[in-house]
>>> print(open('input_5.txt').read())   # compact mmCIF, C-alpha atoms and all ligand atoms
# COMPACT_ATOMS: atom_id res chain seq x y z
CA MET Y 83 0.00 0.00 0.00
CA ALA Y 84 1.23 3.49 -0.83
CA LEU Y 85 -0.66 6.66 0.01
CA ILE Y 86 0.02 9.82 -1.97
CA ASN Y 87 -0.73 13.12 -0.23
CA PRO Y 88 -0.24 16.18 -2.46
CA SER Y 89 0.90 19.26 -0.55
CA ILE Y 90 -1.13 22.35 -1.31
CA LEU Y 91 1.89 24.48 -0.36
CA SER Y 92 2.81 24.22 -4.05
CA ALA Y 93 -0.74 25.03 -5.21
CA ASP Y 94 -2.18 28.42 -6.17
CA PHE Y 95 -3.54 29.76 -2.86
CA ALA Y 96 -6.01 32.03 -4.68
CA ARG Y 97 -7.66 28.93 -6.22
CA LEU Y 98 -7.42 26.44 -3.37
CA ALA Y 99 -10.77 24.72 -3.97
CA GLU Y 100 -9.96 24.04 -7.63
CA GLU Y 101 -6.44 22.97 -6.77
CA ALA Y 102 -7.84 20.51 -4.24
CA THR Y 103 -10.14 18.94 -6.82
CA ALA Y 104 -7.33 18.89 -9.42
CA VAL Y 105 -5.75 16.04 -7.45
CA GLU Y 106 -8.88 13.90 -7.12
CA GLY Y 107 -7.69 10.35 -6.56
CA ALA Y 108 -5.15 11.51 -4.00
CA ASP Y 109 -5.45 9.73 -0.66
CA TRP Y 110 -5.17 12.81 1.57
CA LEU Y 111 -4.57 16.49 0.97
CA HIS Y 112 -1.45 17.62 2.87
CA VAL Y 113 -1.89 21.07 4.42
CA ASP Y 114 1.25 22.82 5.68
CA VAL Y 115 0.55 25.24 8.53
CA MET Y 116 3.52 27.54 9.23
CA ASP Y 117 3.66 30.32 11.82
CA ASN Y 118 6.91 32.15 10.94
CA HIS Y 119 8.30 31.12 14.35
CA PHE Y 120 8.84 27.37 14.26
CA VAL Y 121 9.83 27.77 10.58
CA PRO Y 122 10.79 30.94 8.67
CA ASN Y 123 7.63 31.01 6.54
CA LEU Y 124 3.95 31.79 6.99
CA THR Y 125 1.06 30.03 5.27
CA LEU Y 126 -2.50 29.62 6.53
CA GLY Y 127 -4.55 29.01 9.65
CA VAL Y 128 -7.78 27.63 11.05
CA PRO Y 129 -10.30 29.60 8.90
CA VAL Y 130 -8.65 28.49 5.64
CA VAL Y 131 -8.65 24.86 6.79
CA GLU Y 132 -12.31 25.15 7.68
CA SER Y 133 -13.19 26.42 4.18
CA LEU Y 134 -10.94 23.89 2.47
CA SER Y 135 -12.51 20.96 4.32
CA LYS Y 136 -15.92 22.02 2.98
CA ALA Y 137 -14.55 22.38 -0.55
CA THR Y 138 -13.18 18.84 -0.94
CA ASP Y 139 -14.10 15.26 -0.07
CA THR Y 140 -10.41 14.34 0.21
CA PRO Y 141 -9.48 14.10 3.89
CA LEU Y 142 -7.06 16.70 5.22
CA ASP Y 143 -3.60 15.74 6.51
CA LEU Y 144 -2.51 18.74 8.60
CA HIS Y 145 1.21 19.29 9.11
CA LEU Y 146 1.61 21.82 11.91
CA MET Y 147 4.97 23.58 11.64
CA ILE Y 148 4.08 25.90 14.49
CA GLU Y 149 5.03 26.63 18.06
CA ASP Y 150 2.61 25.54 20.77
CA PRO Y 151 0.87 22.76 18.80
CA ASP Y 152 -0.57 21.59 22.16
CA ARG Y 153 -2.80 24.65 22.09
CA TRP Y 154 -3.68 24.72 18.38
CA ALA Y 155 -4.18 21.07 17.34
CA PRO Y 156 -7.74 20.74 18.73
CA GLN Y 157 -8.87 23.76 16.72
CA TYR Y 158 -7.62 22.19 13.48
CA ILE Y 159 -9.61 19.04 14.23
CA GLU Y 160 -12.73 21.12 14.79
CA ALA Y 161 -11.96 22.84 11.46
CA GLY Y 162 -12.13 19.45 9.71
CA ALA Y 163 -8.67 17.83 9.84
CA GLY Y 164 -8.69 14.03 9.66
CA SER Y 165 -5.04 13.73 10.67
CA VAL Y 166 -2.91 16.13 12.68
CA THR Y 167 0.89 16.04 12.70
CA PHE Y 168 2.75 18.04 15.34
CA HIS Y 169 6.52 18.46 15.58
CA VAL Y 170 8.07 16.79 18.61
CA GLU Y 171 10.56 19.69 18.77
CA ALA Y 172 7.65 22.08 19.40
CA ALA Y 173 5.30 20.01 21.57
CA ALA Y 174 5.29 20.64 25.31
CA ALA Y 175 3.65 17.27 26.10
CA PRO Y 176 3.67 14.97 23.05
CA VAL Y 177 1.95 12.02 24.74
CA ARG Y 178 -0.86 14.12 26.13
CA LEU Y 179 -1.21 15.88 22.77
CA ALA Y 180 -1.34 12.61 20.78
CA ARG Y 181 -4.00 11.27 23.16
CA GLU Y 182 -6.03 14.44 22.83
CA ILE Y 183 -5.89 14.32 19.03
CA ARG Y 184 -7.13 10.72 19.05
CA ALA Y 185 -9.81 11.49 21.62
CA LYS Y 186 -11.12 14.22 19.34
CA GLY Y 187 -11.45 11.69 16.52
CA ALA Y 188 -8.44 12.47 14.31
CA ARG Y 189 -5.33 10.46 13.53
CA ALA Y 190 -2.38 11.48 15.71
CA SER Y 191 0.98 11.95 14.05
CA MET Y 192 4.39 13.23 15.16
CA ALA Y 193 7.06 14.77 12.93
CA LEU Y 194 10.85 14.74 13.25
CA LYS Y 195 13.07 17.41 11.67
CA PRO Y 196 16.16 16.04 9.89
CA ALA Y 197 18.43 16.47 12.95
CA THR Y 198 15.97 14.86 15.39
CA PRO Y 199 16.63 11.15 15.95
CA ILE Y 200 13.84 8.58 16.34
CA GLU Y 201 15.47 6.54 19.10
CA PRO Y 202 14.52 8.77 22.10
CA TYR Y 203 10.86 8.50 21.02
CA GLU Y 204 10.62 4.74 20.50
CA ASP Y 205 8.35 4.30 23.52
CA LEU Y 206 5.89 6.89 22.16
CA LEU Y 207 5.18 4.99 18.94
CA PRO Y 208 2.08 3.13 20.27
CA GLU Y 209 0.48 6.52 20.98
CA LEU Y 210 0.68 7.48 17.29
CA ASP Y 211 -1.14 6.61 14.08
CA MET Y 212 1.67 7.99 11.90
CA LEU Y 213 5.25 9.16 12.19
CA LEU Y 214 6.53 11.82 9.75
CA ILE Y 215 10.20 11.86 8.85
CA MET Y 216 11.13 15.17 7.21
CA THR Y 217 13.37 14.66 4.20
CA VAL Y 218 14.11 18.41 3.93
CA GLU Y 219 14.41 21.12 6.58
CA PRO Y 220 10.78 22.19 7.05
CA GLY Y 221 9.66 25.58 5.80
CA PHE Y 222 9.59 25.57 2.01
CA GLY Y 223 8.49 23.50 -0.96
CA GLY Y 224 10.74 22.62 -3.85
CA GLN Y 225 13.86 21.72 -1.85
CA ALA Y 226 16.19 18.86 -2.72
CA PHE Y 227 15.52 15.48 -1.07
CA LEU Y 228 17.96 14.63 1.73
CA ASP Y 229 19.35 11.17 0.99
CA ILE Y 230 20.97 11.14 4.42
CA MET Y 231 17.49 10.55 5.91
CA LEU Y 232 17.15 7.10 4.33
CA PRO Y 233 18.85 5.28 7.25
CA LYS Y 234 16.44 6.98 9.69
CA ILE Y 235 13.46 5.84 7.59
CA ARG Y 236 14.86 2.30 7.64
CA ARG Y 237 15.50 2.32 11.41
CA THR Y 238 12.03 3.70 12.09
CA ARG Y 239 10.38 1.02 9.96
CA GLU Y 240 12.33 -1.62 11.93
CA LEU Y 241 11.12 -0.13 15.24
CA ILE Y 242 7.51 -0.09 14.02
CA SER Y 243 7.78 -3.75 12.98
CA ARG Y 244 9.52 -4.74 16.22
CA HIS Y 245 6.65 -3.23 18.22
CA GLY Y 246 4.09 -4.93 15.95
CA LEU Y 247 2.40 -1.60 15.18
CA GLU Y 248 0.05 -0.78 12.30
CA MET Y 249 1.09 2.88 12.14
CA TRP Y 250 1.96 4.71 8.93
CA LEU Y 251 5.41 6.10 8.11
CA GLN Y 252 5.27 9.33 6.13
CA VAL Y 253 8.03 11.17 4.27
CA ASP Y 254 7.81 14.84 3.32
CA GLY Y 255 10.20 16.98 1.30
CA GLY Y 256 11.72 16.51 -2.13
CA VAL Y 257 9.58 13.43 -2.85
CA SER Y 258 9.32 12.99 -6.63
CA ALA Y 259 9.41 10.35 -9.34
CA ALA Y 260 13.20 10.39 -8.89
CA THR Y 261 13.22 9.77 -5.12
CA ILE Y 262 9.97 7.98 -4.17
CA GLU Y 263 11.25 4.47 -4.87
CA ARG Y 264 14.18 4.94 -2.47
CA CYS Y 265 11.74 6.12 0.24
CA ALA Y 266 9.42 3.16 -0.34
CA GLU Y 267 12.31 0.71 -0.34
CA ALA Y 268 13.47 2.14 3.00
CA GLY Y 269 10.02 1.52 4.49
CA ALA Y 270 7.90 4.67 4.00
CA ASP Y 271 4.27 4.10 2.99
CA VAL Y 272 2.77 7.63 2.97
CA PHE Y 273 4.29 10.13 0.57
CA VAL Y 274 3.84 13.89 0.59
CA ALA Y 275 4.60 15.57 -2.73
CA GLY Y 276 4.19 19.29 -3.38
CA SER Y 277 6.11 20.54 -6.38
CA ALA Y 278 6.22 17.09 -8.01
CA VAL Y 279 2.41 17.10 -8.20
CA TYR Y 280 1.49 20.75 -8.67
CA SER Y 281 4.19 21.62 -11.19
CA ALA Y 282 3.00 18.74 -13.41
CA ASP Y 283 0.72 19.50 -16.38
CA ASP Y 284 -1.72 16.90 -15.08
CA PRO Y 285 -1.55 16.78 -11.26
CA ALA Y 286 -3.98 13.82 -11.01
CA LYS Y 287 -1.78 11.82 -13.36
CA ALA Y 288 1.31 12.80 -11.35
CA VAL Y 289 -0.39 11.31 -8.27
CA ARG Y 290 -1.12 8.05 -10.12
CA ASP Y 291 2.44 7.86 -11.46
CA LEU Y 292 3.94 8.43 -8.01
CA ARG Y 293 1.71 5.74 -6.48
CA GLU Y 294 2.70 3.27 -9.18
CA LYS Y 295 6.41 3.95 -8.62
CA ALA Y 296 6.04 3.61 -4.85
CA GLU Y 297 4.24 0.29 -5.18
CA THR Y 298 6.78 -1.36 -7.52
C1 LIG Y 301 7.97 21.64 3.70
C2 LIG Y 301 6.59 21.09 3.74
C3 LIG Y 301 6.28 20.15 2.64
C4 LIG Y 301 6.38 20.77 1.27
C5 LIG Y 301 6.94 19.71 0.38
O1 LIG Y 301 8.33 22.16 4.92
O2 LIG Y 301 6.36 20.39 4.95
O3 LIG Y 301 5.03 19.53 2.81
O4 LIG Y 301 5.17 21.21 0.75
O5 LIG Y 301 7.18 20.25 -0.87
P1 LIG Y 301 8.04 19.48 -1.97
O6 LIG Y 301 7.33 18.19 -2.23
O7 LIG Y 301 8.03 20.40 -3.12
O8 LIG Y 301 9.41 19.26 -1.38
ZN ZN Y 302 4.52 19.17 5.03
>>> encode(input="input_5.txt", output="structure tokens", more="lines below")
Ligand code: DX5
Ligand code: ZN
Amino acid sequence: MALINPSILSADFARLAEEATAVEGADWLHVDVMDNHFVPNLTLGVPVVESLSKATDTPLDLHLMIEDPDRWAPQYIEAGAGSVTFHVEAAAAPVRLAREIRAKGARASMALKPATPIEPYEDLLPELDMLLIMTVEPGFGGQAFLDIMLPKIRRTRELISRHGLEMWLQVDGGVSAATIERCAEAGADVFVAGSAVYSADDPAKAVRDLREKAET
């Protein structure tokens, strides 16, 4: 199984509803929330997520690149998010936060920046529905994939298997037709792709092509 989640960071923000439907067939729509504090970029907030969730049937995969996710995550679930990813580097109480996200009916997910190792968080894995390994420094679309993250993807997949967990392993950053096979081979099964989907002439076809490559 491979899930392809186009990132609307690379879409035209003035035409978000159309851009969301342009990738029909995608598994989830990846929504990057940035606050210009946790990362040096600013995108969108709760009201935009609320409108977007009404404009598409594709479930929303929220990636919170913000400070104080403990405070904000519940509001994004109320706005319609089906999955909420917080950064462990920003969370005050990751276990409590993951439990709260699940209790509110969304999938709980935790992200690791490139320099954050998985090992200290091994015991938290059962609290999560997904782990996100960043394959670029978070903040911008269109960056080059960091090959040096492949061993971390592999080690994380081994930990998930060792614990007998069903959770998903997502990669985000520089995922394209040129890099997705390496990510899949290392053990990722959920793939975020921004520029690779939205810079294509046919974004829906780009999604299908990526899924096919990931599943071979
Ligand atoms: C980067 C974001 C990504 C971004 C990926 O911080 O988290 O989701 O949209 O864009 P590409 O696929 O172009 O690297
Ligand atoms: Zn993202």
>>> residues_near_point(input="input_5.txt", point="(13.3, 0.9, 13.0)", cutoff="12 Å", atoms="only C-alpha atoms", output="list in words")
Pro199, Ile200, Glu201, Tyr203, Glu204, Leu207, Leu213, Leu232, Pro233, Lys234, Ile235, Arg236, Arg237, Thr238, Arg239, Glu240, Leu241, Ile242, Ser243, Arg244, His245, Gly246, Leu247, Leu251, Ala268, Gly269 and Ala270 of chain Y
>>> residues_near_ligand(input="input_5.txt", ligand="ligand ZN 302 (chain Y)", cutoff="9 Å", atoms="all atoms listed in the file", output="PyMOL selection string")
chain Y and resi 89+91+112-115+143-147+214+216+220-223+253-255+274-276
>>> atom_distance(input="input_5.txt", atom1="CA of Lys295 in chain Y", atom2="CA of Ala266 in chain Y")
8.8 Å
>>> atom_distance(input="input_5.txt", atom1="CA of Leu142 in chain Y", atom2="CA of Val130 in chain Y")
11.9 Å
>>> atom_distance(input="input_5.txt", atom1="CA of Phe227 in chain Y", atom2="CA of Leu98 in chain Y")
25.5 Å
>>> axis_aligned_box(input="input_5.txt", around="ligand LIG 301 (chain Y)", padding_each_side="5 Å", output="lines of an AutoDock Vina configuration file")
center_x = 7.2
center_y = 20.2
center_z = 0.9
size_x = 14.4
size_y = 14.0
size_z = 18.1
>>> residues_around(input="input_5.txt", residues="range 290-292 of chain Y", least_positions_apart="6", cutoff="10 Å", atoms="all atoms listed in the file", output="PyMOL selection string")
chain Y and resi 84-86+105+107-108+257-263+273+275+278-279
>>> residues_around(input="input_5.txt", residues="range 134-141 of chain Y", least_positions_apart="4", cutoff="12 Å", atoms="all atoms listed in the file", output="JSON list (two decimals) with C-alpha atoms, in the coordinates of the input")
[["chain", "number", "residue", "atom", "x", "y", "z"],
["Y", 86, "ILE", "CA", 0.02, 9.82, -1.97],
["Y", 87, "ASN", "CA", -0.73, 13.12, -0.23],
["Y", 88, "PRO", "CA", -0.24, 16.18, -2.46],
["Y", 90, "ILE", "CA", -1.13, 22.35, -1.31],
["Y", 95, "PHE", "CA", -3.54, 29.76, -2.86],
["Y", 96, "ALA", "CA", -6.01, 32.03, -4.68],
["Y", 97, "ARG", "CA", -7.66, 28.93, -6.22],
["Y", 98, "LEU", "CA", -7.42, 26.44, -3.37],
["Y", 99, "ALA", "CA", -10.77, 24.72, -3.97],
["Y", 100, "GLU", "CA", -9.96, 24.04, -7.63],
["Y", 101, "GLU", "CA", -6.44, 22.97, -6.77],
["Y", 102, "ALA", "CA", -7.84, 20.51, -4.24],
["Y", 103, "THR", "CA", -10.14, 18.94, -6.82],
["Y", 104, "ALA", "CA", -7.33, 18.89, -9.42],
["Y", 105, "VAL", "CA", -5.75, 16.04, -7.45],
["Y", 106, "GLU", "CA", -8.88, 13.90, -7.12],
["Y", 107, "GLY", "CA", -7.69, 10.35, -6.56],
["Y", 108, "ALA", "CA", -5.15, 11.51, -4.00],
["Y", 109, "ASP", "CA", -5.45, 9.73, -0.66],
["Y", 110, "TRP", "CA", -5.17, 12.81, 1.57],
["Y", 111, "LEU", "CA", -4.57, 16.49, 0.97],
["Y", 112, "HIS", "CA", -1.45, 17.62, 2.87],
["Y", 113, "VAL", "CA", -1.89, 21.07, 4.42],
["Y", 126, "LEU", "CA", -2.50, 29.62, 6.53],
["Y", 127, "GLY", "CA", -4.55, 29.01, 9.65],
["Y", 128, "VAL", "CA", -7.78, 27.63, 11.05],
["Y", 129, "PRO", "CA", -10.30, 29.60, 8.90],
["Y", 130, "VAL", "CA", -8.65, 28.49, 5.64],
["Y", 158, "TYR", "CA", -7.62, 22.19, 13.48],
["Y", 159, "ILE", "CA", -9.61, 19.04, 14.23],
["Y", 160, "GLU", "CA", -12.73, 21.12, 14.79],
["Y", 161, "ALA", "CA", -11.96, 22.84, 11.46],
["Y", 162, "GLY", "CA", -12.13, 19.45, 9.71],
["Y", 163, "ALA", "CA", -8.67, 17.83, 9.84],
["Y", 164, "GLY", "CA", -8.69, 14.03, 9.66],
["Y", 165, "SER", "CA", -5.04, 13.73, 10.67],
["Y", 166, "VAL", "CA", -2.91, 16.13, 12.68],
["Y", 188, "ALA", "CA", -8.44, 12.47, 14.31],
["Y", 189, "ARG", "CA", -5.33, 10.46, 13.53]]
>>> closest_residue(input="input_5.txt", among="Y:Glu248, Y:Asp229, Y:Lys186, Y:Phe168", to="Met116 in chain Y", atoms="all atoms listed in the file")
Y:Phe168
